[in-house]
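Note: the block below is start27.txt and it holds compact mmCIF, C-alpha atoms.
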```txt
# COMPACT_ATOMS: atom_id res chain seq x y z
CA MET A 1 132.03 121.30 201.62
CA VAL A 2 129.63 118.61 200.41
CA LEU A 3 126.09 119.99 200.29
CA TYR A 4 124.27 116.71 199.70
CA ARG A 5 124.14 113.06 200.71
CA LYS A 6 123.06 109.96 198.85
CA GLN A 7 120.03 108.15 200.26
CA PHE A 8 118.04 105.10 199.17
CA ILE A 9 114.41 105.93 198.28
CA ASP A 10 112.71 102.75 197.07
CA LYS A 11 113.29 99.80 194.76
CA GLU A 12 111.73 101.45 191.70
CA THR A 13 113.44 104.84 192.08
CA GLY A 14 116.69 103.64 193.61
CA SER A 15 118.70 106.30 195.42
CA GLY A 16 118.71 110.09 195.24
CA LEU A 17 120.65 113.08 196.54
CA PHE A 18 119.36 115.09 199.51
CA ALA A 19 120.41 118.50 200.85
CA THR A 20 122.50 118.31 204.03
CA SER A 21 121.75 121.95 204.91
CA ASN A 22 119.37 124.74 203.92
CA LEU A 23 120.34 125.83 200.40
CA LYS A 24 119.57 129.28 199.02
CA ALA A 25 118.42 129.68 195.42
CA GLY A 26 121.47 130.21 193.22
CA THR A 27 123.72 127.83 195.18
CA HIS A 28 126.10 125.72 193.08
CA VAL A 29 125.39 122.39 194.74
CA ILE A 30 127.68 120.42 192.43
CA LYS A 31 130.64 121.59 190.37
CA THR A 32 132.48 118.80 188.59
CA LYS A 33 134.88 118.18 185.71
CA ASP A 34 134.41 114.45 186.14
CA MET A 35 132.60 113.81 182.88
CA ILE A 36 133.10 112.41 179.39
CA PRO A 37 131.64 114.67 176.69
CA SER A 38 130.81 113.43 173.20
CA LEU A 39 130.06 115.96 170.46
CA ASP A 40 127.44 115.35 167.77
CA SER A 41 128.44 115.09 164.11
CA HIS A 42 127.91 118.80 163.31
CA SER A 43 129.44 120.19 166.51
CA SER A 44 132.53 117.95 166.31
CA LYS A 45 133.69 120.10 163.38
CA LEU A 46 133.19 123.38 165.24
CA TYR A 47 134.12 122.69 168.87
CA CYS A 48 137.32 121.45 170.48
CA ASN A 49 136.80 117.84 171.60
CA TYR A 50 138.59 118.54 174.89
CA CYS A 51 137.84 122.07 176.17
CA LEU A 52 134.55 122.26 174.19
CA SER A 53 135.19 125.85 173.13
CA GLN A 54 133.99 126.95 169.71
CA SER A 55 136.94 127.90 167.55
CA SER A 56 136.94 130.35 164.65
CA LEU A 57 140.26 128.84 163.58
CA SER A 58 140.78 125.49 161.91
CA LEU A 59 140.69 122.67 164.45
CA LYS A 60 143.56 120.17 164.29
CA ARG A 61 142.60 116.52 163.85
CA CYS A 62 144.08 113.62 165.77
CA PRO A 63 146.88 112.47 163.41
CA LYS A 64 146.00 108.77 163.85
CA CYS A 65 142.20 108.38 163.78
CA LYS A 66 141.34 111.75 162.16
CA HIS A 67 138.07 111.82 164.17
CA MET A 68 138.86 114.03 167.17
CA ARG A 69 139.57 117.72 166.64
CA TYR A 70 141.40 120.06 169.04
CA CYS A 71 141.98 123.80 169.29
CA SER A 72 145.55 123.49 170.60
CA ALA A 73 148.37 121.08 171.32
CA THR A 74 147.59 121.43 175.03
CA CYS A 75 143.98 120.25 174.56
CA GLN A 76 145.19 117.39 172.37
CA ARG A 77 147.62 116.24 175.09
CA GLU A 78 144.95 116.44 177.79
CA GLY A 79 142.37 114.73 175.60
CA TRP A 80 144.79 111.90 174.84
CA LYS A 81 144.48 110.60 178.42
CA ILE A 82 141.05 109.20 177.48
CA HIS A 83 141.20 109.28 173.69
CA LYS A 84 144.12 106.82 173.58
CA THR A 85 141.67 104.11 174.68
CA GLU A 86 139.43 104.59 171.63
CA CYS A 87 141.82 105.97 169.02
CA THR A 88 142.77 102.61 167.48
CA GLY A 89 139.12 101.61 167.19
CA LEU A 90 138.07 104.94 165.66
CA SER A 91 140.86 104.68 163.09
CA ARG A 92 139.02 101.66 161.63
CA VAL A 93 136.18 103.97 160.57
CA PRO A 94 136.49 106.63 157.81
CA PRO A 95 136.95 110.14 159.27
CA GLU A 96 133.74 111.31 157.53
CA SER A 97 131.70 108.73 159.47
CA HIS A 98 130.52 110.13 162.78
CA VAL A 99 130.50 107.70 165.72
CA PRO A 100 127.40 108.25 167.94
CA SER A 101 127.93 108.89 171.66
CA LEU A 102 126.53 105.54 172.82
CA ILE A 103 128.82 103.55 170.52
CA ARG A 104 131.86 105.64 171.42
CA LEU A 105 131.24 105.32 175.17
CA CYS A 106 130.64 101.57 174.93
CA VAL A 107 133.98 101.21 173.13
CA LEU A 108 135.73 103.34 175.76
CA PHE A 109 134.52 101.35 178.74
CA LEU A 110 134.82 97.94 177.10
CA SER A 111 138.41 98.73 176.12
CA SER A 112 139.46 100.09 179.51
CA PRO A 113 138.42 98.41 182.79
CA GLU A 114 140.28 101.25 184.52
CA LEU A 115 137.99 103.87 182.97
CA TYR A 116 134.99 101.67 183.79
CA ASP A 117 135.96 101.78 187.47
CA THR A 118 137.04 105.45 187.46
CA TYR A 119 133.63 106.60 186.22
CA SER A 120 131.76 104.15 188.50
CA ILE A 121 129.81 102.65 185.61
CA SER A 122 128.70 99.70 187.72
CA ASN A 123 126.98 102.14 190.10
CA LEU A 124 124.86 103.76 187.40
CA MET A 125 121.20 102.82 187.54
CA ARG A 126 120.44 100.05 185.07
CA HIS A 127 117.12 98.94 183.62
CA GLU A 128 117.43 95.15 183.65
CA ASP A 129 114.52 94.50 181.31
CA ILE A 130 113.89 97.39 178.98
CA GLU A 131 110.61 96.83 177.14
CA ASN A 132 110.73 100.22 175.44
CA ASP A 133 110.60 99.49 171.70
CA LYS A 134 112.51 102.63 170.72
CA ILE A 135 115.40 101.85 173.06
CA GLN A 136 115.44 98.16 172.11
CA GLU A 137 115.42 98.91 168.39
CA TYR A 138 118.56 101.04 168.72
CA TYR A 139 120.60 98.35 170.48
CA PRO A 140 121.47 96.17 167.40
CA TYR A 141 122.81 99.31 165.72
CA VAL A 142 125.00 100.01 168.78
CA LEU A 143 126.22 96.40 168.94
CA LYS A 144 127.15 96.45 165.25
CA GLY A 145 129.04 99.72 165.72
CA VAL A 146 130.92 98.41 168.74
CA MET A 147 131.93 95.25 166.86
CA GLU A 148 133.31 97.39 164.03
CA LEU A 149 135.49 99.39 166.41
CA VAL A 150 136.61 96.59 168.71
CA LYS A 151 138.08 93.25 167.64
CA CYS A 152 135.04 90.99 167.16
CA SER A 153 136.66 88.10 169.02
CA THR A 154 136.78 90.18 172.21
CA VAL A 155 133.18 91.46 172.08
CA ASP A 156 130.71 89.80 174.45
CA PRO A 157 127.19 90.82 173.33
CA ALA A 158 125.85 90.27 176.87
CA GLN A 159 128.48 92.65 178.27
CA VAL A 160 127.67 95.24 175.58
CA TYR A 161 123.95 94.97 176.35
CA ALA A 162 124.52 95.42 180.10
CA LEU A 163 126.69 98.47 179.43
CA TYR A 164 124.18 99.85 176.91
CA ASN A 165 121.36 99.52 179.45
CA ARG A 166 123.29 101.69 181.88
CA LEU A 167 124.50 104.32 179.44
CA VAL A 168 121.29 104.81 177.44
CA VAL A 169 119.43 106.25 180.44
CA ASN A 170 122.36 108.17 181.99
CA LEU A 171 123.50 110.52 179.23
CA PHE A 172 122.77 114.24 179.54
CA THR A 173 122.43 116.77 176.73
CA LEU A 174 125.66 118.76 176.43
CA GLU A 175 125.14 122.50 175.83
CA ASP A 176 127.40 125.32 174.70
CA GLY A 177 127.53 128.84 176.07
CA GLN A 178 124.33 129.81 174.22
CA LEU A 179 122.40 126.77 175.57
CA SER A 180 122.46 125.05 172.17
CA ALA A 181 122.72 121.24 172.22
CA ILE A 182 126.11 120.11 170.90
CA GLY A 183 126.22 116.48 172.02
CA SER A 184 125.94 114.23 175.06
CA ALA A 185 127.85 113.88 178.32
CA LEU A 186 128.24 111.13 180.87
CA ILE A 187 128.42 112.75 184.33
CA PRO A 188 128.31 110.04 187.04
CA GLU A 189 127.82 112.47 189.93
CA VAL A 190 124.88 114.19 188.22
CA SER A 191 123.35 110.81 187.27
CA LYS A 192 122.59 110.30 190.97
CA ILE A 193 120.03 113.13 190.82
CA ASN A 194 116.46 112.09 190.03
CA HIS A 195 114.08 113.78 187.60
CA SER A 196 111.17 116.07 188.45
CA CYS A 197 108.93 118.11 186.13
CA GLU A 198 109.06 120.79 188.87
CA PRO A 199 112.82 120.64 189.56
CA ASN A 200 114.58 122.57 192.30
CA CYS A 201 117.93 122.52 190.43
CA VAL A 202 119.22 122.90 186.87
CA LEU A 203 122.23 121.49 185.00
CA SER A 204 124.53 123.81 183.05
CA PHE A 205 128.00 123.72 181.50
CA THR A 206 130.94 126.07 181.19
CA GLY A 207 133.31 124.21 178.94
CA ARG A 208 134.21 120.89 180.58
CA THR A 209 132.74 121.88 183.94
CA ALA A 210 129.20 120.79 184.85
CA TYR A 211 127.20 122.73 187.44
CA ILE A 212 124.10 121.77 189.39
CA THR A 213 122.53 125.01 190.65
CA SER A 214 119.53 125.36 192.96
CA ILE A 215 116.79 127.54 191.45
CA LYS A 216 114.68 127.53 194.61
CA ASP A 217 115.39 127.69 198.33
CA ILE A 218 115.86 124.03 199.32
CA PRO A 219 115.28 123.07 202.98
CA LYS A 220 117.65 120.64 204.66
CA GLY A 221 116.66 117.02 203.97
CA THR A 222 114.85 117.82 200.70
CA GLU A 223 115.67 115.70 197.66
CA LEU A 224 117.54 117.48 194.85
CA SER A 225 115.95 117.19 191.42
CA ILE A 226 116.56 118.30 187.84
CA SER A 227 114.56 117.88 184.66
CA TYR A 228 115.94 115.33 182.21
CA ILE A 229 114.08 117.03 179.35
CA PRO A 230 113.60 120.66 178.23
CA LEU A 231 110.72 122.42 179.99
CA PRO A 232 107.99 123.62 179.91
CA LYS A 233 106.01 120.84 178.20
CA SER A 234 102.49 119.52 178.56
CA PHE A 235 101.83 116.44 180.69
CA LEU A 236 101.36 114.12 177.70
CA ASN A 237 104.49 115.36 175.95
CA ARG A 238 106.57 115.02 179.12
CA LYS A 239 105.24 111.53 179.72
CA GLY A 240 106.02 110.42 176.17
CA GLN A 241 109.52 111.89 176.01
CA LEU A 242 110.57 110.58 179.43
CA TYR A 243 109.45 107.07 178.57
CA SER A 244 110.96 106.99 175.08
CA GLN A 245 114.32 108.40 176.19
CA PHE A 246 114.70 107.23 179.79
CA ASN A 247 112.27 104.32 180.11
CA PHE A 248 110.29 105.51 183.13
CA THR A 249 106.96 107.10 183.97
CA CYS A 250 107.26 110.24 186.09
CA HIS A 251 105.34 110.36 189.38
CA CYS A 252 106.45 113.81 190.54
CA SER A 253 103.92 116.06 192.26
CA LEU A 254 103.12 117.95 189.05
CA CYS A 255 102.52 114.80 186.99
CA SER A 256 100.47 113.21 189.78
CA SER A 257 98.19 116.23 190.07
CA GLN A 258 97.76 116.58 186.32
CA ARG A 259 97.07 112.85 185.95
CA THR A 260 94.41 113.01 188.68
CA GLU A 261 92.79 116.24 187.54
CA LYS A 262 93.17 115.47 183.82
CA VAL A 263 94.76 118.87 183.36
CA ASP A 264 97.08 119.17 180.36
CA TYR A 265 98.16 122.77 180.80
CA MET A 266 100.39 124.33 183.38
CA LEU A 267 100.03 128.04 183.93
CA MET A 268 98.88 127.81 187.57
CA ARG A 269 99.99 130.11 190.35
CA GLU A 270 99.23 130.92 193.95
CA CYS A 271 97.05 133.95 194.56
CA PRO A 272 98.75 136.31 197.06
CA ASP A 273 95.34 137.17 198.57
CA CYS A 274 93.26 133.97 198.79
CA LYS A 275 96.34 131.63 198.78
CA ASN A 276 94.63 129.20 196.38
CA TYR A 277 96.20 127.82 193.22
CA SER A 278 94.25 128.41 190.03
CA HIS A 279 94.61 129.16 186.35
CA PRO A 280 94.64 132.95 185.99
CA LYS A 281 92.11 134.85 183.95
CA ILE A 282 93.40 137.43 181.49
CA ASP A 283 91.81 140.86 181.84
CA LEU A 284 92.55 142.58 178.54
CA ASP A 285 90.86 145.82 179.60
CA LYS A 286 93.13 146.23 182.63
CA ASP A 287 96.25 144.61 181.12
CA ASP A 288 96.21 142.24 184.07
CA LEU A 289 96.10 138.60 185.13
CA ALA A 290 93.44 137.89 187.74
CA CYS A 291 92.86 135.03 190.16
CA SER A 292 90.00 132.89 188.81
CA LEU A 293 88.67 132.43 192.39
CA CYS A 294 88.80 135.84 194.06
CA GLU A 295 89.72 137.95 190.96
CA SER A 296 92.63 139.67 192.71
CA SER A 297 95.50 140.87 190.54
CA LEU A 298 98.22 138.27 190.05
CA LEU A 299 100.69 140.46 188.21
CA LYS A 300 101.74 142.09 191.45
CA SER A 301 103.11 138.72 192.61
CA ILE A 302 105.32 138.32 189.52
CA LYS A 303 108.71 139.88 190.18
CA MET A 304 109.09 141.97 187.05
CA ASN A 305 109.32 145.67 186.36
CA ASP A 306 106.11 147.61 185.71
CA LEU A 307 106.95 148.51 182.12
CA VAL A 308 107.66 144.90 181.21
CA LEU A 309 104.52 143.73 183.02
CA LYS A 310 102.42 146.16 181.03
CA ASN A 311 103.91 144.90 177.78
CA ILE A 312 103.49 141.18 178.41
CA ALA A 313 99.99 141.58 179.86
CA ASN A 314 98.72 143.32 176.72
CA PHE A 315 97.67 140.25 174.72
CA ASP A 316 95.80 140.24 171.45
CA SER A 317 92.14 139.52 172.11
CA ALA A 318 92.24 136.83 169.39
CA ILE A 319 94.13 134.54 171.74
CA SER A 320 91.77 133.00 174.26
CA THR A 321 92.33 132.65 177.99
CA ARG A 322 92.36 128.86 177.59
CA ALA A 323 95.05 129.11 174.94
CA GLN A 324 97.23 131.31 177.12
CA GLN A 325 97.09 128.65 179.81
CA ASP A 326 98.14 125.84 177.47
CA VAL A 327 101.87 125.26 177.71
CA GLU A 328 102.06 123.97 174.14
CA ILE A 329 100.61 127.27 172.92
CA ILE A 330 103.41 129.02 174.82
CA ASN A 331 105.97 126.75 173.16
CA HIS A 332 104.46 127.50 169.75
CA LEU A 333 104.71 131.23 170.47
CA VAL A 334 108.36 130.79 171.44
CA GLN A 335 109.09 128.88 168.23
CA ASP A 336 107.17 131.43 166.15
CA THR A 337 109.27 134.18 167.74
CA GLU A 338 112.50 132.33 166.88
CA ASN A 339 111.35 131.87 163.28
CA LEU A 340 110.43 135.54 162.93
CA ILE A 341 113.85 136.51 164.28
CA LEU A 342 115.51 134.32 161.65
CA GLU A 343 113.42 136.11 159.02
CA LYS A 344 114.45 139.47 160.54
CA LYS A 345 110.83 140.49 161.04
CA TRP A 346 111.57 142.45 164.19
CA GLU A 347 108.18 144.01 164.99
CA PRO A 348 106.04 140.83 164.73
CA ALA A 349 108.80 138.92 166.53
CA LEU A 350 108.58 141.36 169.45
CA ARG A 351 104.77 141.15 169.62
CA THR A 352 104.82 137.35 169.56
CA GLY A 353 107.71 137.12 172.00
CA LEU A 354 106.00 139.31 174.57
CA LYS A 355 102.98 136.99 174.52
CA ALA A 356 105.23 133.99 175.14
CA SER A 357 107.11 135.78 177.93
CA VAL A 358 104.24 135.80 180.42
CA GLY A 359 103.89 132.01 180.28
CA LEU A 360 107.62 131.42 180.58
CA MET A 361 107.95 133.87 183.46
CA ASP A 362 105.02 132.37 185.30
CA TRP A 363 106.07 128.75 185.08
CA ALA A 364 109.76 128.66 184.15
CA GLN A 365 111.19 132.02 185.13
CA LEU A 366 114.37 130.61 186.70
CA TYR A 367 115.34 128.30 183.86
CA PRO A 368 118.37 129.46 181.83
CA SER A 369 116.36 129.05 178.61
CA THR A 370 113.85 131.64 179.87
CA GLY A 371 116.65 134.10 180.61
CA LEU A 372 118.02 133.56 177.10
CA PHE A 373 114.59 134.13 175.53
CA LEU A 374 114.04 137.35 177.49
CA ALA A 375 117.45 138.61 176.38
CA LYS A 376 116.35 138.05 172.78
CA ILE A 377 113.20 140.09 173.47
CA ALA A 378 115.39 142.87 174.86
CA LYS A 379 117.45 142.88 171.66
CA LEU A 380 114.24 143.07 169.61
CA TYR A 381 113.35 146.36 171.30
CA LEU A 382 116.63 147.76 169.98
CA GLU A 383 115.86 146.57 166.44
CA GLN A 384 112.52 148.40 166.21
CA GLU A 385 112.06 151.32 163.85
CA TYR A 386 111.24 154.57 165.62
CA SER A 387 109.62 157.78 164.41
CA SER A 388 111.06 160.10 167.05
CA LYS A 389 113.76 160.34 169.68
CA ALA A 390 111.14 159.87 172.41
CA ASN A 391 110.00 156.63 170.80
CA TYR A 392 113.61 155.43 170.58
CA VAL A 393 114.23 156.25 174.25
CA GLU A 394 111.15 154.25 175.29
CA ASN A 395 112.41 151.25 173.34
CA VAL A 396 115.83 151.52 174.99
CA LYS A 397 114.18 151.72 178.43
CA SER A 398 112.12 148.62 177.65
CA ALA A 399 115.26 146.81 176.49
CA ILE A 400 117.08 147.72 179.72
CA GLN A 401 114.24 146.43 181.86
CA MET A 402 113.98 143.20 179.88
CA PHE A 403 117.76 142.68 180.13
CA ASP A 404 117.40 143.24 183.88
CA VAL A 405 114.74 140.53 184.17
CA SER A 406 116.84 138.23 182.00
CA LEU A 407 119.86 138.72 184.24
CA ARG A 408 117.83 137.93 187.35
CA CYS A 409 116.73 134.65 185.75
CA LEU A 410 120.27 133.77 184.71
CA SER A 411 121.88 134.78 188.02
CA MET A 412 119.79 132.15 189.82
CA SER A 413 120.52 129.35 187.39
CA LEU A 414 123.97 129.86 185.87
CA PRO A 415 127.47 130.48 187.23
CA ARG A 416 128.61 134.07 186.75
CA ASN A 417 131.40 132.97 184.41
CA HIS A 418 128.93 131.31 182.02
CA GLU A 419 129.22 132.71 178.49
CA LEU A 420 125.52 133.61 178.32
CA PHE A 421 125.48 135.46 181.64
CA VAL A 422 128.62 137.40 180.71
CA GLU A 423 127.17 138.38 177.33
CA VAL A 424 123.77 139.50 178.67
CA GLU A 425 125.43 141.50 181.45
CA ARG A 426 127.64 143.24 178.85
CA LEU A 427 124.62 144.10 176.69
CA TYR A 428 122.75 145.36 179.75
CA ARG A 429 125.60 147.72 180.68
CA PHE A 430 126.06 148.87 177.09
CA THR A 431 122.34 149.65 176.71
CA GLN A 432 122.37 151.60 179.98
CA GLU A 433 125.30 153.65 178.69
CA THR A 434 123.42 154.22 175.43
CA LEU A 435 120.45 155.63 177.33
CA SER A 436 122.73 157.87 179.41
CA GLY A 437 124.28 159.17 176.20
CA GLN A 438 120.84 160.01 174.80
CA GLY A 439 120.05 161.98 177.95
CA GLN A 440 123.13 164.13 177.41
CA ASP A 441 122.29 164.93 173.77
```
Would you put the structure from the file into structure tokens?
Amino acid sequence: MVLYRKQFIDKETGSGLFATSNLKAGTHVIKTKDMIPSLDSHSSKLYCNYCLSQSSLSLKRCPKCKHMRYCSATCQREGWKIHKTECTGLSRVPPESHVPSLIRLCVLFLSSPELYDTYSISNLMRHEDIENDKIQEYYPYVLKGVMELVKCSTVDPAQVYALYNRLVVNLFTLEDGQLSAIGSALIPEVSKINHSCEPNCVLSFTGRTAYITSIKDIPKGTELSISYIPLPKSFLNRKGQLYSQFNFTCHCSLCSSQRTEKVDYMLMRECPDCKNYSHPKIDLDKDDLACSLCESSLLKSIKMNDLVLKNIANFDSAISTRAQQDVEIINHLVQDTENLILEKKWEPALRTGLKASVGLMDWAQLYPSTGLFLAKIAKLYLEQEYSSKANYVENVKSAIQMFDVSLRCLSMSLPRNHELFVEVERLYRFTQETLSGQGQD
């Protein structure tokens, strides 16, 4: 059953996809294998170029071009259906030289009119006159690469430029099962979905299958939207990245309001009592977030367990209310947490991560990246040193509750067979069993 329809919006935006019925949060609106993935230089040595699974065994190279690697003879046979179009061209380049996604895709579609039609390249939105310096500067490099891989006498620079204009703004970041970027993917069906900085859907991958999942209830007739860039980000950072990568200025409701109000931070929420949107005040004495208008508690409207709420509300007084509302401060806290984890400094990583959690939960609680971050916080509870059995039990309880919140985030944004969801669910069950075992001791 098709859950959406294509509809023209305006000349600047083009068309978009709209819900044909009321969609509940967690609905897989699109599930498609109709895509061409292209791994980056590092990932191409670790992941199968067909099934995209990470292999602990040695990947077998294509015997002719030596560029593509596969985990099995089956994947090599399946991959050959498309790879045969580019294999001769790739064999002209040393195996150590990585071919960027844009060059590889240009070669594919220039070499095969059949593939060009199969993936509806002519229907992809094209920017006729790209004035973006960053995008324009990259084109000569792409043209040179294409001419190296295809016989020069058959290359029409005008045709390459037209194809480049379509591809450069229609590639999506390809992610593995841990949400790490491993390359790019052309997904024609997903390219029909427009961007919003307050999206109602997210894109995810399980191997070669792409999913578009609703993260909010979407009424019939509402346009579907995803974010083309990682969120959350401040208004100025979003504006800059969208223009440099996709050559457009966003006019979604969030950007319009922030542009008008000159607000460059994002932690706003609706008060359950006065129904107004405002930036919450942090009450350190009560471990609470309060509405800045009527001062009612806002924590009660965040769907998290009490123990977790108490932890993430207990901020250090050195961090100001203004800073807690600034989305870039939240991003810095997330990055600091990741760095401390790499350094195996578990206790400061937990303290920093809990501060970041409140911002992520308030603005981006249904994004897969938030669920992943909360799962890391849960693991940090289990890494803490403890002075008594009671202290250990409290840490395990906190870990269970954080895993629970993480799973609720992931269940609304990822398919249940996604590697990350499966792993977090396993850890959640294992930690529950650990706590039960402690109760019996």
Exercise. Excluding range 156-163 of chain A and residues on its chain fewer than 3 positions from it, collect all residues at most 12 Å away from it, counting only C-alpha atoms, and give them as a ChimeraX atom specification.
Key: /A:102-111,116,120-130,135-136,138-147,150-153,166-170
Quiz item: Of the candidates A:Phe8, A:Trp346, A:Phe421, A:Phe373, which shows the shortest atom-to-atom distance to Leu333 in chain A, using only C-alpha atoms?
Solution: A:Phe373
Long-range neighbours of range 76-90 of chain A as a tab-separated table (two decimals) with C-alpha atoms, in the frame of the given file, 9 Å cut-off, all atoms listed in the file, 5 positions minimum in chain:
```tsv
chain	number	residue	atom	x	y	z
A	36	ILE	CA	133.10	112.41	179.39
A	49	ASN	CA	136.80	117.84	171.60
A	50	TYR	CA	138.59	118.54	174.89
A	51	CYS	CA	137.84	122.07	176.17
A	60	LYS	CA	143.56	120.17	164.29
A	61	ARG	CA	142.60	116.52	163.85
A	62	CYS	CA	144.08	113.62	165.77
A	64	LYS	CA	146.00	108.77	163.85
A	65	CYS	CA	142.20	108.38	163.78
A	66	LYS	CA	141.34	111.75	162.16
A	67	HIS	CA	138.07	111.82	164.17
A	68	MET	CA	138.86	114.03	167.17
A	69	ARG	CA	139.57	117.72	166.64
A	70	TYR	CA	141.40	120.06	169.04
A	71	CYS	CA	141.98	123.80	169.29
A	95	PRO	CA	136.95	110.14	159.27
A	99	VAL	CA	130.50	107.70	165.72
A	104	ARG	CA	131.86	105.64	171.42
A	105	LEU	CA	131.24	105.32	175.17
A	107	VAL	CA	133.98	101.21	173.13
A	108	LEU	CA	135.73	103.34	175.76
A	109	PHE	CA	134.52	101.35	178.74
A	111	SER	CA	138.41	98.73	176.12
A	112	SER	CA	139.46	100.09	179.51
A	115	LEU	CA	137.99	103.87	182.97
A	146	VAL	CA	130.92	98.41	168.74
A	148	GLU	CA	133.31	97.39	164.03
A	149	LEU	CA	135.49	99.39	166.41
A	150	VAL	CA	136.61	96.59	168.71
A	151	LYS	CA	138.08	93.25	167.64
```
Exercise on range 151-166 of chain A, axis-aligned box with 3 Å per side, report centre and edge lengths in Å to one decimal, as lines of an AutoDock Vina configuration file:
```
center_x = 129.7
center_y = 94.9
center_z = 174.5
size_x = 22.7
size_y = 19.6
size_z = 20.7
```
Quiz prompt | Point-to-point distance in Å for CA of Leu224 in chain A and CA of Ser204 in chain A | solution =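 Answer for the CA of Ser204 in chain A to CA of Leu224 in chain A separation: 15.1 Å.
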Spatial neighbours of range 398-412 of chain A, 7 Å, only C-alpha atoms, chain gap at least 3 places, as a PDB file with C-alpha atoms, keeping the file's coordinate frame:
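Writing the result to selection04.pdb gives the following:
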```
ATOM      1  CA  ALA A  25     118.420 129.680 195.420  1.00  0.00           C
ATOM      2  CA  GLY A  26     121.470 130.210 193.220  1.00  0.00           C
ATOM      3  CA  ILE A 215     116.790 127.540 191.450  1.00  0.00           C
ATOM      4  CA  MET A 304     109.090 141.970 187.050  1.00  0.00           C
ATOM      5  CA  ASN A 305     109.320 145.670 186.360  1.00  0.00           C
ATOM      6  CA  LEU A 307     106.950 148.510 182.120  1.00  0.00           C
ATOM      7  CA  VAL A 308     107.660 144.900 181.210  1.00  0.00           C
ATOM      8  CA  GLN A 365     111.190 132.020 185.130  1.00  0.00           C
ATOM      9  CA  LEU A 366     114.370 130.610 186.700  1.00  0.00           C
ATOM     10  CA  TYR A 367     115.340 128.300 183.860  1.00  0.00           C
ATOM     11  CA  PRO A 368     118.370 129.460 181.830  1.00  0.00           C
ATOM     12  CA  GLY A 371     116.650 134.100 180.610  1.00  0.00           C
ATOM     13  CA  LEU A 372     118.020 133.560 177.100  1.00  0.00           C
ATOM     14  CA  LEU A 374     114.040 137.350 177.490  1.00  0.00           C
ATOM     15  CA  ALA A 375     117.450 138.610 176.380  1.00  0.00           C
ATOM     16  CA  ALA A 378     115.390 142.870 174.860  1.00  0.00           C
ATOM     17  CA  LYS A 379     117.450 142.880 171.660  1.00  0.00           C
ATOM     18  CA  TYR A 381     113.350 146.360 171.300  1.00  0.00           C
ATOM     19  CA  LEU A 382     116.630 147.760 169.980  1.00  0.00           C
ATOM     20  CA  GLU A 394     111.150 154.250 175.290  1.00  0.00           C
ATOM     21  CA  ASN A 395     112.410 151.250 173.340  1.00  0.00           C
ATOM     22  CA  ARG A 416     128.610 134.070 186.750  1.00  0.00           C
ATOM     23  CA  PHE A 421     125.480 135.460 181.640  1.00  0.00           C
ATOM     24  CA  VAL A 424     123.770 139.500 178.670  1.00  0.00           C
ATOM     25  CA  GLU A 425     125.430 141.500 181.450  1.00  0.00           C
ATOM     26  CA  TYR A 428     122.750 145.360 179.750  1.00  0.00           C
ATOM     27  CA  THR A 431     122.340 149.650 176.710  1.00  0.00           C
ATOM     28  CA  GLN A 432     122.370 151.600 179.980  1.00  0.00           C
TER      29      GLN A 432
END
```
Quiz item: What is the CA of His332 in chain A to CA of Gly353 in chain A distance in Å?
Solution: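 Interatomic distance here is 10.4 Å.
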Self-check item: Selection as a ChimeraX atom specification: residues within 8 Å of (114.0, 115.3, 191.5), counting all atoms listed in the file
Solution: /A:16,193-200,223-227,252
Quiz item: Taking into account all atoms listed in the file, which residue in the set A:Leu293, A:Lys24, A:Ile377, A:Thr213 is nearest to Val334 in chain A?
Solution: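 Closest candidate: A:Ile377.
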Quiz prompt | For CA of Lys45 in chain A and CA of Asp176 in chain A, the interatomic separation in Å (one decimal) | solution =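 Straight-line distance from CA of Lys45 in chain A to CA of Asp176 in chain A works out to 14.0 Å.
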Could range 7-12 of chain A be completed with N, CA, C and O atoms and returned as a tab-separated table (two decimals), in the coordinates of the input?
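Written out: out-v3.tsv:
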```
chain	number	residue	atom	x	y	z
A	7	GLN	N	120.96	108.88	199.39
A	7	GLN	CA	120.03	108.15	200.26
A	7	GLN	C	119.13	107.26	199.42
A	7	GLN	O	118.63	107.67	198.37
A	8	PHE	N	118.92	106.03	199.86
A	8	PHE	CA	118.04	105.10	199.17
A	8	PHE	C	116.59	105.56	199.34
A	8	PHE	O	116.18	105.97	200.43
A	9	ILE	N	115.82	105.50	198.25
A	9	ILE	CA	114.41	105.93	198.28
A	9	ILE	C	113.48	104.73	198.25
A	9	ILE	O	112.74	104.48	199.19
A	10	ASP	N	113.49	103.99	197.16
A	10	ASP	CA	112.71	102.75	197.07
A	10	ASP	C	113.28	101.93	195.92
A	10	ASP	O	114.16	102.37	195.19
A	11	LYS	N	112.75	100.71	195.75
A	11	LYS	CA	113.29	99.80	194.76
A	11	LYS	C	113.12	100.32	193.35
A	11	LYS	O	114.01	100.18	192.50
A	12	GLU	N	111.98	100.95	193.05
A	12	GLU	CA	111.73	101.45	191.70
A	12	GLU	C	112.59	102.65	191.38
A	12	GLU	O	113.18	102.76	190.31
```
